[in-house]
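Below is one structure, written out as structure tokens, with a few remarks after it.
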Amino acid sequence: MDIQKLRADTPGCLQVTHLNNAGAALIPQAVIDVQRDYMNQEANYGGYETAAKFADELQTTYTRVARLINAQPSEIALVESATVAWGKAFFALDLQPGDRVATAMAEYASNYINYLQAQKTHGIKIEVVPNDKHGQLSLEALEQLLAEDKASEGKIKLISITHVPTNGGLVNPAEEVGKLAKKYGVLYLLDACQSVGQLPVDVQQIGCDMLSATGRKYLRAPRGTGFLYVSERILQDLEPKVLDLTSAKWTAKSAYEMRTDGVRFENYEYNRANRLGLSEAVQYALDLGMENIWQRIQQLGNLLRQRLVELPNVQVYDLGLVKGGIVSWGIEGIPAEFVVEKLREVQINTSLILESGTLLDMQERELPPLVRSSVHYYNTEEEIEKLCGELKKVILLYSRIEHV
Ligand SMILES: Cc1ncc(COP(=O)(O)O)c(C=O)c1O
């Protein structure tokens, strides 16, 4: 990878040391250009007219997203966030009282809140699979749960887990979970919000039935973009909770027909400029190659972990056998909020990990708020050194404040 060229393609690299890619990555110039051009056309020629003119380009987004995850374009719904994608899939499952959903310790807050809501409104039961000794979902425990369930009532209807959590470098063994889902005939929904764009995600290899993702994080797409994959194996069986005249056709006084492709999970109105931005960002990732991106991110993530623990009182908390670009850490005795704020003052973007984002994991490990530095391929070794240099100053500054 020509890192200098990639950085020159990214205006934000001139302004900040951006280590908040798990929040939202910096957008490449090509993405900005596509959006700006579309916005200009809209302003000058009208929203509907411009949409008609760009119909082919807008349609190409499905092909590119499908290629990225090795799906069919007809299995993709383009929506405005990972949460929207996930919710559309989850609530289309129509779970019944007593049905059980198996999830994992690294589960993201918004997903878990919806399990709790479904527990209240639909009477489902939540089963949390413990971690193994490496801190990733225990495949043994999952298999035991599935086997016991099958031998009794067969009430586990869904395995729903997060691939890469919001609060650390862990990569859950998504493919092995897929094998178990297939073996026991249970549906599988994967939250790939932090993994798509960071590492190769292949829905055929993983064997998930549904997958949700966002645009603004590792894909480097604009905010307000995301997508849902629903396998053709189950697409026709799912009815989204909210339909409209795009996802369905009103055919008679007492009848409607749903779309037979992923668009059944979409609605009429969406931001076209953003969608073209997503399309461009996906193509950018495809051109670089997901394997190359993943190698570089892993290399930078590991370097950052190694350099951080060399600093006094700094501890890194990432779990798992395979670790990616999200690095979670803290300095003993210094509040994470203080660290994030001080780094922001010198244009180093990091973010705060709070208990409420991944409550099960944070509580089990009794973790205080932590700092999250998430690297992307366009970050550099020099930026890592800069962060560490600034951290030494932050440590010194805090010890002075404490002694006043
Ligand atoms: C693991 C995970 N899932 C889901 C989400 C939600 O994504 P969005 O804000 O695009 O809905 C996030 C956001 O941080 C996340 O980290």
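Quick note on naming: the chains in the structure tokens go A, B, ... in the order shown, residues restart at 1 in each chain, and ligands are numbered from 1 in order of appearance.
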
- Message: So that I can see what lies close to region 253-266 of chain A, please list as a ChimeraX atom specification the residues with an atom at most 12 Å from it, counting only C-alpha atoms and leaving out residues fewer than 2 positions away in the same chain.
- Response: /A:59,62,66,71-81,84-92,210,226-251,268-270

Can I get the selected residues back with N, CA and C atoms, as a compact mmCIF listing (two decimals), in the first residue's frame?
# COMPACT_ATOMS: atom_id res chain seq x y z
N GLN A 59 -27.91 2.37 -8.64
CA GLN A 59 -28.13 0.92 -8.68
C GLN A 59 -26.81 0.17 -8.48
N TYR A 62 -25.61 -1.45 -5.05
CA TYR A 62 -25.96 -2.82 -4.63
C TYR A 62 -24.90 -3.81 -5.09
N ALA A 66 -22.57 -5.89 -2.57
CA ALA A 66 -22.68 -7.35 -2.67
C ALA A 66 -21.30 -7.97 -2.91
N ALA A 71 -22.05 -11.46 -1.67
CA ALA A 71 -23.48 -11.76 -1.71
C ALA A 71 -24.01 -11.45 -3.12
N GLN A 72 -25.31 -11.60 -3.30
CA GLN A 72 -25.97 -11.18 -4.54
C GLN A 72 -26.53 -9.77 -4.33
N PRO A 73 -26.53 -8.91 -5.35
CA PRO A 73 -27.12 -7.58 -5.19
C PRO A 73 -28.56 -7.64 -4.69
N SER A 74 -29.28 -8.69 -5.07
CA SER A 74 -30.69 -8.81 -4.66
C SER A 74 -30.84 -9.17 -3.18
N GLU A 75 -29.73 -9.45 -2.51
CA GLU A 75 -29.78 -9.78 -1.08
C GLU A 75 -29.43 -8.56 -0.20
N ILE A 76 -29.29 -7.40 -0.83
CA ILE A 76 -28.83 -6.21 -0.10
C ILE A 76 -29.96 -5.19 0.04
N ALA A 77 -30.09 -4.63 1.25
CA ALA A 77 -30.95 -3.46 1.47
C ALA A 77 -30.04 -2.33 1.91
N LEU A 78 -30.18 -1.17 1.29
CA LEU A 78 -29.36 -0.02 1.66
C LEU A 78 -30.18 0.87 2.58
N VAL A 79 -29.63 1.12 3.75
CA VAL A 79 -30.37 1.89 4.77
C VAL A 79 -29.44 2.93 5.39
N GLU A 80 -29.91 3.59 6.45
CA GLU A 80 -29.13 4.73 6.94
C GLU A 80 -28.19 4.45 8.10
N SER A 81 -28.21 3.26 8.66
CA SER A 81 -27.25 2.95 9.73
C SER A 81 -27.26 1.44 9.98
N VAL A 84 -30.44 0.58 12.03
CA VAL A 84 -31.66 0.45 11.21
C VAL A 84 -31.63 -0.91 10.51
N ALA A 85 -30.48 -1.26 9.95
CA ALA A 85 -30.37 -2.54 9.24
C ALA A 85 -30.68 -3.70 10.19
N TRP A 86 -30.05 -3.67 11.34
CA TRP A 86 -30.19 -4.75 12.32
C TRP A 86 -31.65 -4.87 12.78
N GLY A 87 -32.25 -3.72 13.10
CA GLY A 87 -33.64 -3.72 13.60
C GLY A 87 -34.61 -4.23 12.57
N LYS A 88 -34.37 -3.90 11.31
CA LYS A 88 -35.28 -4.35 10.26
C LYS A 88 -35.25 -5.87 10.17
N ALA A 89 -34.05 -6.44 10.32
CA ALA A 89 -33.94 -7.90 10.26
C ALA A 89 -34.53 -8.53 11.51
N PHE A 90 -34.11 -8.05 12.66
CA PHE A 90 -34.51 -8.68 13.93
C PHE A 90 -36.03 -8.68 14.10
N PHE A 91 -36.66 -7.53 13.83
CA PHE A 91 -38.11 -7.45 14.08
C PHE A 91 -38.93 -8.09 12.96
N ALA A 92 -38.28 -8.45 11.86
CA ALA A 92 -39.00 -9.18 10.82
C ALA A 92 -39.09 -10.67 11.16
N MET A 210 -28.28 -13.24 8.04
CA MET A 210 -28.49 -11.79 7.99
C MET A 210 -27.22 -11.14 8.53
N GLY A 226 -25.67 2.74 5.61
CA GLY A 226 -25.50 1.40 6.18
C GLY A 226 -26.18 0.40 5.27
N PHE A 227 -26.02 -0.88 5.59
CA PHE A 227 -26.73 -1.87 4.76
C PHE A 227 -27.04 -3.14 5.54
N LEU A 228 -28.01 -3.84 4.99
CA LEU A 228 -28.44 -5.13 5.54
C LEU A 228 -28.29 -6.17 4.45
N TYR A 229 -27.75 -7.32 4.83
CA TYR A 229 -27.74 -8.48 3.93
C TYR A 229 -28.73 -9.49 4.48
N VAL A 230 -29.61 -9.95 3.62
CA VAL A 230 -30.51 -11.05 4.01
C VAL A 230 -30.37 -12.13 2.94
N SER A 231 -29.97 -13.31 3.36
CA SER A 231 -29.74 -14.40 2.41
C SER A 231 -31.02 -14.74 1.66
N GLU A 232 -30.84 -15.08 0.38
CA GLU A 232 -32.01 -15.48 -0.41
C GLU A 232 -32.68 -16.74 0.16
N ARG A 233 -31.93 -17.47 1.00
CA ARG A 233 -32.52 -18.66 1.64
C ARG A 233 -33.75 -18.31 2.46
N ILE A 234 -33.74 -17.07 3.06
CA ILE A 234 -34.84 -16.72 3.97
C ILE A 234 -35.58 -15.44 3.60
N LEU A 235 -35.08 -14.75 2.59
CA LEU A 235 -35.62 -13.41 2.29
C LEU A 235 -37.14 -13.42 2.10
N GLN A 236 -37.63 -14.39 1.37
CA GLN A 236 -39.08 -14.41 1.07
C GLN A 236 -39.92 -14.70 2.32
N ASP A 237 -39.29 -15.25 3.34
CA ASP A 237 -40.05 -15.60 4.56
C ASP A 237 -40.17 -14.44 5.53
N LEU A 238 -39.40 -13.38 5.31
CA LEU A 238 -39.39 -12.29 6.28
C LEU A 238 -40.24 -11.12 5.80
N GLU A 239 -41.09 -10.64 6.69
CA GLU A 239 -41.91 -9.48 6.36
C GLU A 239 -41.49 -8.32 7.27
N PRO A 240 -40.92 -7.26 6.69
CA PRO A 240 -40.50 -6.13 7.53
C PRO A 240 -41.69 -5.53 8.26
N LYS A 241 -41.40 -4.95 9.42
CA LYS A 241 -42.47 -4.37 10.24
C LYS A 241 -43.07 -3.12 9.61
N VAL A 242 -42.23 -2.36 8.90
CA VAL A 242 -42.75 -1.16 8.24
C VAL A 242 -42.55 -1.30 6.73
N LEU A 243 -43.65 -1.23 6.01
CA LEU A 243 -43.57 -1.28 4.55
C LEU A 243 -43.98 0.08 3.99
N ASP A 244 -43.65 0.29 2.74
CA ASP A 244 -44.17 1.48 2.06
C ASP A 244 -44.29 1.16 0.58
N LEU A 245 -44.50 2.19 -0.23
CA LEU A 245 -44.75 1.93 -1.65
C LEU A 245 -43.49 1.58 -2.44
N THR A 246 -42.33 1.57 -1.75
CA THR A 246 -41.10 1.08 -2.39
C THR A 246 -40.88 -0.39 -2.04
N SER A 247 -41.07 -0.71 -0.76
CA SER A 247 -40.83 -2.10 -0.34
C SER A 247 -41.97 -3.02 -0.76
N ALA A 248 -43.13 -2.42 -1.05
CA ALA A 248 -44.28 -3.22 -1.47
C ALA A 248 -45.10 -2.45 -2.50
N LYS A 249 -45.97 -3.17 -3.20
CA LYS A 249 -46.84 -2.54 -4.20
C LYS A 249 -48.28 -2.76 -3.77
N TRP A 250 -49.03 -1.69 -3.78
CA TRP A 250 -50.46 -1.76 -3.44
C TRP A 250 -51.19 -2.21 -4.69
N THR A 251 -51.73 -3.41 -4.69
CA THR A 251 -52.26 -4.01 -5.93
C THR A 251 -53.78 -4.05 -6.02
N TYR A 268 -38.93 4.50 0.72
CA TYR A 268 -38.81 5.33 -0.47
C TYR A 268 -37.73 6.41 -0.35
N GLU A 269 -37.77 7.13 0.76
CA GLU A 269 -36.89 8.29 0.85
C GLU A 269 -35.51 7.93 1.43
N TYR A 270 -34.50 8.42 0.78
CA TYR A 270 -33.14 8.28 1.32
C TYR A 270 -32.27 9.35 0.69

List every residue of chain A that has an atom at most 6 Å from any atom of ligand 1, giving for each one its closest atom pair and the distance in Å to one decimal, counting only C-alpha atoms and all ligand atoms, sorted by chain and then by ascending residue number, as CSV.
residue,atom,partner,partner_atom_place_in_ligand_line,distance
A:Ser81,CA,ligand 1,10 (O),3.9
A:Ala82,CA,ligand 1,11 (O),3.9
A:Thr83,CA,ligand 1,11 (O),3.6
A:Tyr108,CA,ligand 1,1 (C),5.3
A:Thr162,CA,ligand 1,1 (C),5.8
A:Pro165,CA,ligand 1,1 (C),4.5
A:Thr166,CA,ligand 1,16 (O),3.8
A:Asp191,CA,ligand 1,3 (N),5.8
A:Cys193,CA,ligand 1,3 (N),4.8
A:Gln194,CA,ligand 1,1 (C),5.5
A:Thr214,CA,ligand 1,10 (O),4.6

Using only N, CA, C and O atoms, please write the residues we just selected to a file, as a PDB file, in the first residue's frame.
ATOM      1  N   SER A  81     -28.209   3.263   8.663  1.00  0.00           N
ATOM      2  CA  SER A  81     -27.253   2.945   9.731  1.00  0.00           C
ATOM      3  C   SER A  81     -27.261   1.439   9.982  1.00  0.00           C
ATOM      4  O   SER A  81     -28.155   0.718   9.512  1.00  0.00           O
ATOM      5  N   ALA A  82     -26.292   1.019  10.785  1.00  0.00           N
ATOM      6  CA  ALA A  82     -26.251  -0.400  11.153  1.00  0.00           C
ATOM      7  C   ALA A  82     -27.447  -0.749  12.038  1.00  0.00           C
ATOM      8  O   ALA A  82     -28.018  -1.836  11.930  1.00  0.00           O
ATOM      9  N   THR A  83     -27.824   0.182  12.891  1.00  0.00           N
ATOM     10  CA  THR A  83     -28.943  -0.091  13.797  1.00  0.00           C
ATOM     11  C   THR A  83     -30.245  -0.258  13.030  1.00  0.00           C
ATOM     12  O   THR A  83     -31.048  -1.152  13.336  1.00  0.00           O
ATOM     13  N   TYR A 108     -23.438  -5.459  21.485  1.00  0.00           N
ATOM     14  CA  TYR A 108     -23.577  -3.997  21.441  1.00  0.00           C
ATOM     15  C   TYR A 108     -24.882  -3.570  22.107  1.00  0.00           C
ATOM     16  O   TYR A 108     -25.910  -4.239  21.969  1.00  0.00           O
ATOM     17  N   THR A 162     -22.200 -10.032  17.865  1.00  0.00           N
ATOM     18  CA  THR A 162     -21.387  -8.966  17.271  1.00  0.00           C
ATOM     19  C   THR A 162     -20.039  -9.548  16.852  1.00  0.00           C
ATOM     20  O   THR A 162     -19.396 -10.246  17.628  1.00  0.00           O
ATOM     21  N   PRO A 165     -16.508  -6.102  18.508  1.00  0.00           N
ATOM     22  CA  PRO A 165     -17.247  -5.195  19.398  1.00  0.00           C
ATOM     23  C   PRO A 165     -16.784  -3.753  19.290  1.00  0.00           C
ATOM     24  O   PRO A 165     -15.701  -3.476  18.771  1.00  0.00           O
ATOM     25  N   THR A 166     -17.608  -2.881  19.834  1.00  0.00           N
ATOM     26  CA  THR A 166     -17.294  -1.454  19.788  1.00  0.00           C
ATOM     27  C   THR A 166     -16.170  -1.111  20.764  1.00  0.00           C
ATOM     28  O   THR A 166     -15.524  -0.080  20.630  1.00  0.00           O
ATOM     29  N   ASP A 191     -23.846  -8.873  13.569  1.00  0.00           N
ATOM     30  CA  ASP A 191     -23.590  -7.428  13.583  1.00  0.00           C
ATOM     31  C   ASP A 191     -22.138  -7.229  13.143  1.00  0.00           C
ATOM     32  O   ASP A 191     -21.208  -7.475  13.914  1.00  0.00           O
ATOM     33  N   CYS A 193     -20.876  -4.376  12.066  1.00  0.00           N
ATOM     34  CA  CYS A 193     -20.719  -2.919  11.996  1.00  0.00           C
ATOM     35  C   CYS A 193     -19.257  -2.487  12.044  1.00  0.00           C
ATOM     36  O   CYS A 193     -18.841  -1.595  11.313  1.00  0.00           O
ATOM     37  N   GLN A 194     -18.458  -3.124  12.912  1.00  0.00           N
ATOM     38  CA  GLN A 194     -17.053  -2.734  13.052  1.00  0.00           C
ATOM     39  C   GLN A 194     -16.130  -3.603  12.197  1.00  0.00           C
ATOM     40  O   GLN A 194     -14.935  -3.323  12.119  1.00  0.00           O
ATOM     41  N   THR A 214     -22.480  -0.643   8.873  1.00  0.00           N
ATOM     42  CA  THR A 214     -22.609   0.797   8.720  1.00  0.00           C
ATOM     43  C   THR A 214     -21.594   1.282   7.693  1.00  0.00           C
ATOM     44  O   THR A 214     -20.624   0.581   7.397  1.00  0.00           O
TER      45      THR A 214
END

- If we count only C-alpha atoms, what is near Ala336 (chain A) at a cut-off of 10 Å, once residues fewer than 2 positions away on the same chain are taken out, given as a PyMOL selection string? chain A and resi 329-334+338-342+351-354+368-372

I need the residues from that last selection saved to file as a compact mmCIF listing (two decimals), in the first residue's frame (with N, CA, C and O atoms), if you can.
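Once everything was written out, this is again-v9.txt:
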# COMPACT_ATOMS: atom_id res chain seq x y z
N TRP A 329 -7.69 0.92 26.12
CA TRP A 329 -6.62 1.06 27.11
C TRP A 329 -6.95 2.13 28.13
O TRP A 329 -7.89 2.91 27.96
N GLY A 330 -6.17 2.15 29.20
CA GLY A 330 -6.36 3.16 30.24
C GLY A 330 -5.04 3.40 30.95
O GLY A 330 -4.10 2.61 30.86
N ILE A 331 -4.98 4.53 31.64
CA ILE A 331 -3.79 4.84 32.45
C ILE A 331 -4.25 4.81 33.90
O ILE A 331 -5.18 5.54 34.27
N GLU A 332 -3.62 3.97 34.67
CA GLU A 332 -4.02 3.83 36.08
C GLU A 332 -3.98 5.17 36.80
O GLU A 332 -2.98 5.91 36.70
N GLY A 333 -5.09 5.51 37.44
CA GLY A 333 -5.12 6.74 38.23
C GLY A 333 -5.51 7.98 37.45
O GLY A 333 -5.69 9.05 38.02
N ILE A 334 -5.63 7.89 36.12
CA ILE A 334 -6.02 9.06 35.32
C ILE A 334 -7.35 8.77 34.61
O ILE A 334 -7.44 7.78 33.88
N PHE A 338 -10.27 12.60 30.87
CA PHE A 338 -9.19 13.59 30.89
C PHE A 338 -8.22 13.31 29.73
O PHE A 338 -7.80 14.23 29.01
N VAL A 339 -7.89 12.06 29.55
CA VAL A 339 -6.93 11.68 28.51
C VAL A 339 -7.49 12.03 27.12
O VAL A 339 -6.80 12.66 26.30
N VAL A 340 -8.74 11.65 26.89
CA VAL A 340 -9.35 11.91 25.58
C VAL A 340 -9.40 13.41 25.31
O VAL A 340 -9.07 13.87 24.20
N GLU A 341 -9.75 14.17 26.34
CA GLU A 341 -9.85 15.63 26.18
C GLU A 341 -8.49 16.25 25.87
O GLU A 341 -8.37 17.08 24.97
N LYS A 342 -7.48 15.84 26.61
CA LYS A 342 -6.14 16.41 26.40
C LYS A 342 -5.61 16.05 25.01
O LYS A 342 -4.95 16.85 24.35
N SER A 351 -11.52 8.12 21.42
CA SER A 351 -12.86 8.25 21.98
C SER A 351 -12.93 7.50 23.30
O SER A 351 -11.99 6.80 23.70
N LEU A 352 -14.08 7.65 23.92
CA LEU A 352 -14.28 7.13 25.26
C LEU A 352 -15.08 5.82 25.20
O LEU A 352 -16.07 5.75 24.47
N ILE A 353 -14.65 4.83 25.96
CA ILE A 353 -15.44 3.59 26.06
C ILE A 353 -16.18 3.65 27.39
O ILE A 353 -15.55 3.70 28.45
N LEU A 354 -17.50 3.63 27.32
CA LEU A 354 -18.30 3.67 28.54
C LEU A 354 -18.94 2.32 28.78
O LEU A 354 -19.18 1.56 27.83
N PRO A 368 -13.43 0.27 34.20
CA PRO A 368 -13.84 1.68 34.27
C PRO A 368 -13.95 2.23 32.85
O PRO A 368 -13.61 1.52 31.90
N PRO A 369 -14.37 3.48 32.66
CA PRO A 369 -14.30 4.06 31.32
C PRO A 369 -12.86 3.96 30.78
O PRO A 369 -11.90 4.13 31.53
N LEU A 370 -12.75 3.62 29.51
CA LEU A 370 -11.42 3.44 28.90
C LEU A 370 -11.27 4.36 27.69
O LEU A 370 -12.26 4.94 27.22
N VAL A 371 -10.05 4.44 27.19
CA VAL A 371 -9.81 5.18 25.95
C VAL A 371 -9.81 4.17 24.80
O VAL A 371 -9.30 3.06 24.93
N ARG A 372 -10.41 4.58 23.69
CA ARG A 372 -10.39 3.74 22.49
C ARG A 372 -9.61 4.46 21.40
O ARG A 372 -9.96 5.56 21.01

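Residues surrounding Gln198 (chain A) within 7 Å are A:Ser195, A:Val196, A:Tyr218, A:Ile293, A:Trp294 [only C-alpha atoms; sequence separation below 2 positions excluded].
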
- Item | Those in region 111-357 of chain A with strand (DSSP E or B) from DSSP, as an MDAnalysis selection string | chainID A and resid 125:129 131 137 156:162 170 187:191 196 199 210:214 226:230 248:252 255:258 314:316 323 326:331 334 348:349 351:353

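Among A:Leu68, A:Met290, A:Ile124, A:Ala30, the residue with the shortest atom-to-atom distance to Gln204 (chain A), counting only C-alpha atoms, is A:Leu68.
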
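Atom to atom, CA of Ala22 (chain A) and CA of Pro312 (chain A) stand 25.6 Å apart.
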
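You can rank A:Ile161, A:Val316, A:Leu142, A:Leu308 by their closest distance to Tyr112 (chain A) using only C-alpha atoms, and at the top of that list sits A:Ile161.
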
- Message: I want to know what sits within 12 Å of region 175-179 of chain A, based on only C-alpha atoms, with residues of the same chain fewer than 6 positions away left out; could you give that as a PyMOL selection string?
- Response: chain A and resi 102-104+129+136-143+146+158-163+185-190+200-211

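Take the candidates A:Val164, A:Ile348, A:Ala285, A:Ala147 and check each one against Lys183 (chain A) using only C-alpha atoms; the shortest distance goes to A:Ala147.
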
- Query: What gap, in Å, lies between CA of Gly277 (chain A) and CA of Arg223 (chain A)?
  - Reply: 9.5 Å

Please provide the set of residues having any atom within 9 Å of Met1 (chain A), restricted to only C-alpha atoms, with same-chain residues fewer than 6 positions apart removed, written as a JSON list (two decimals) with N, CA, C and O atoms, in the first residue's frame.
[["chain", "number", "residue", "atom", "x", "y", "z"],
["A", 288, "LEU", "N", -8.41, -1.41, -3.10],
["A", 288, "LEU", "CA", -7.25, -1.63, -2.24],
["A", 288, "LEU", "C", -7.10, -3.11, -1.87],
["A", 288, "LEU", "O", -6.00, -3.59, -1.62],
["A", 292, "ASN", "N", -5.40, -6.80, 2.03],
["A", 292, "ASN", "CA", -4.33, -5.81, 2.26],
["A", 292, "ASN", "C", -4.70, -4.87, 3.40],
["A", 292, "ASN", "O", -3.87, -4.55, 4.25],
["A", 293, "ILE", "N", -5.95, -4.42, 3.37],
["A", 293, "ILE", "CA", -6.42, -3.49, 4.41],
["A", 293, "ILE", "C", -6.29, -4.15, 5.78],
["A", 293, "ILE", "O", -5.78, -3.57, 6.73],
["A", 296, "ARG", "N", -2.66, -4.50, 7.10],
["A", 296, "ARG", "CA", -2.12, -3.21, 7.55],
["A", 296, "ARG", "C", -2.75, -2.80, 8.89],
["A", 296, "ARG", "O", -2.06, -2.34, 9.80],
["A", 377, "TYR", "N", -5.89, 1.85, 7.91],
["A", 377, "TYR", "CA", -4.66, 1.64, 7.13],
["A", 377, "TYR", "C", -3.92, 2.93, 6.83],
["A", 377, "TYR", "O", -2.72, 2.94, 6.60]]

- Please report, as a PyMOL selection string, each residue of region 256-377 of chain A to which DSSP assigns alpha helix (DSSP H) when run on this structure's backbone. chain A and resi 272-288+290-309+336-345+359-364

- Task: Report the distance between CA of Asn379 (chain A) and CA of Thr17 (chain A) in Å, rounded to one decimal place.
- Result: 7.8 Å

- Message: I want to know what sits within 12 Å of Ala51 (chain A), based on only C-alpha atoms, with residues of the same chain fewer than 5 positions away left out; could you give that as a PyMOL selection string?
- Response: chain A and resi 38-39+41-43+45-46+56-59+269-273+275-276
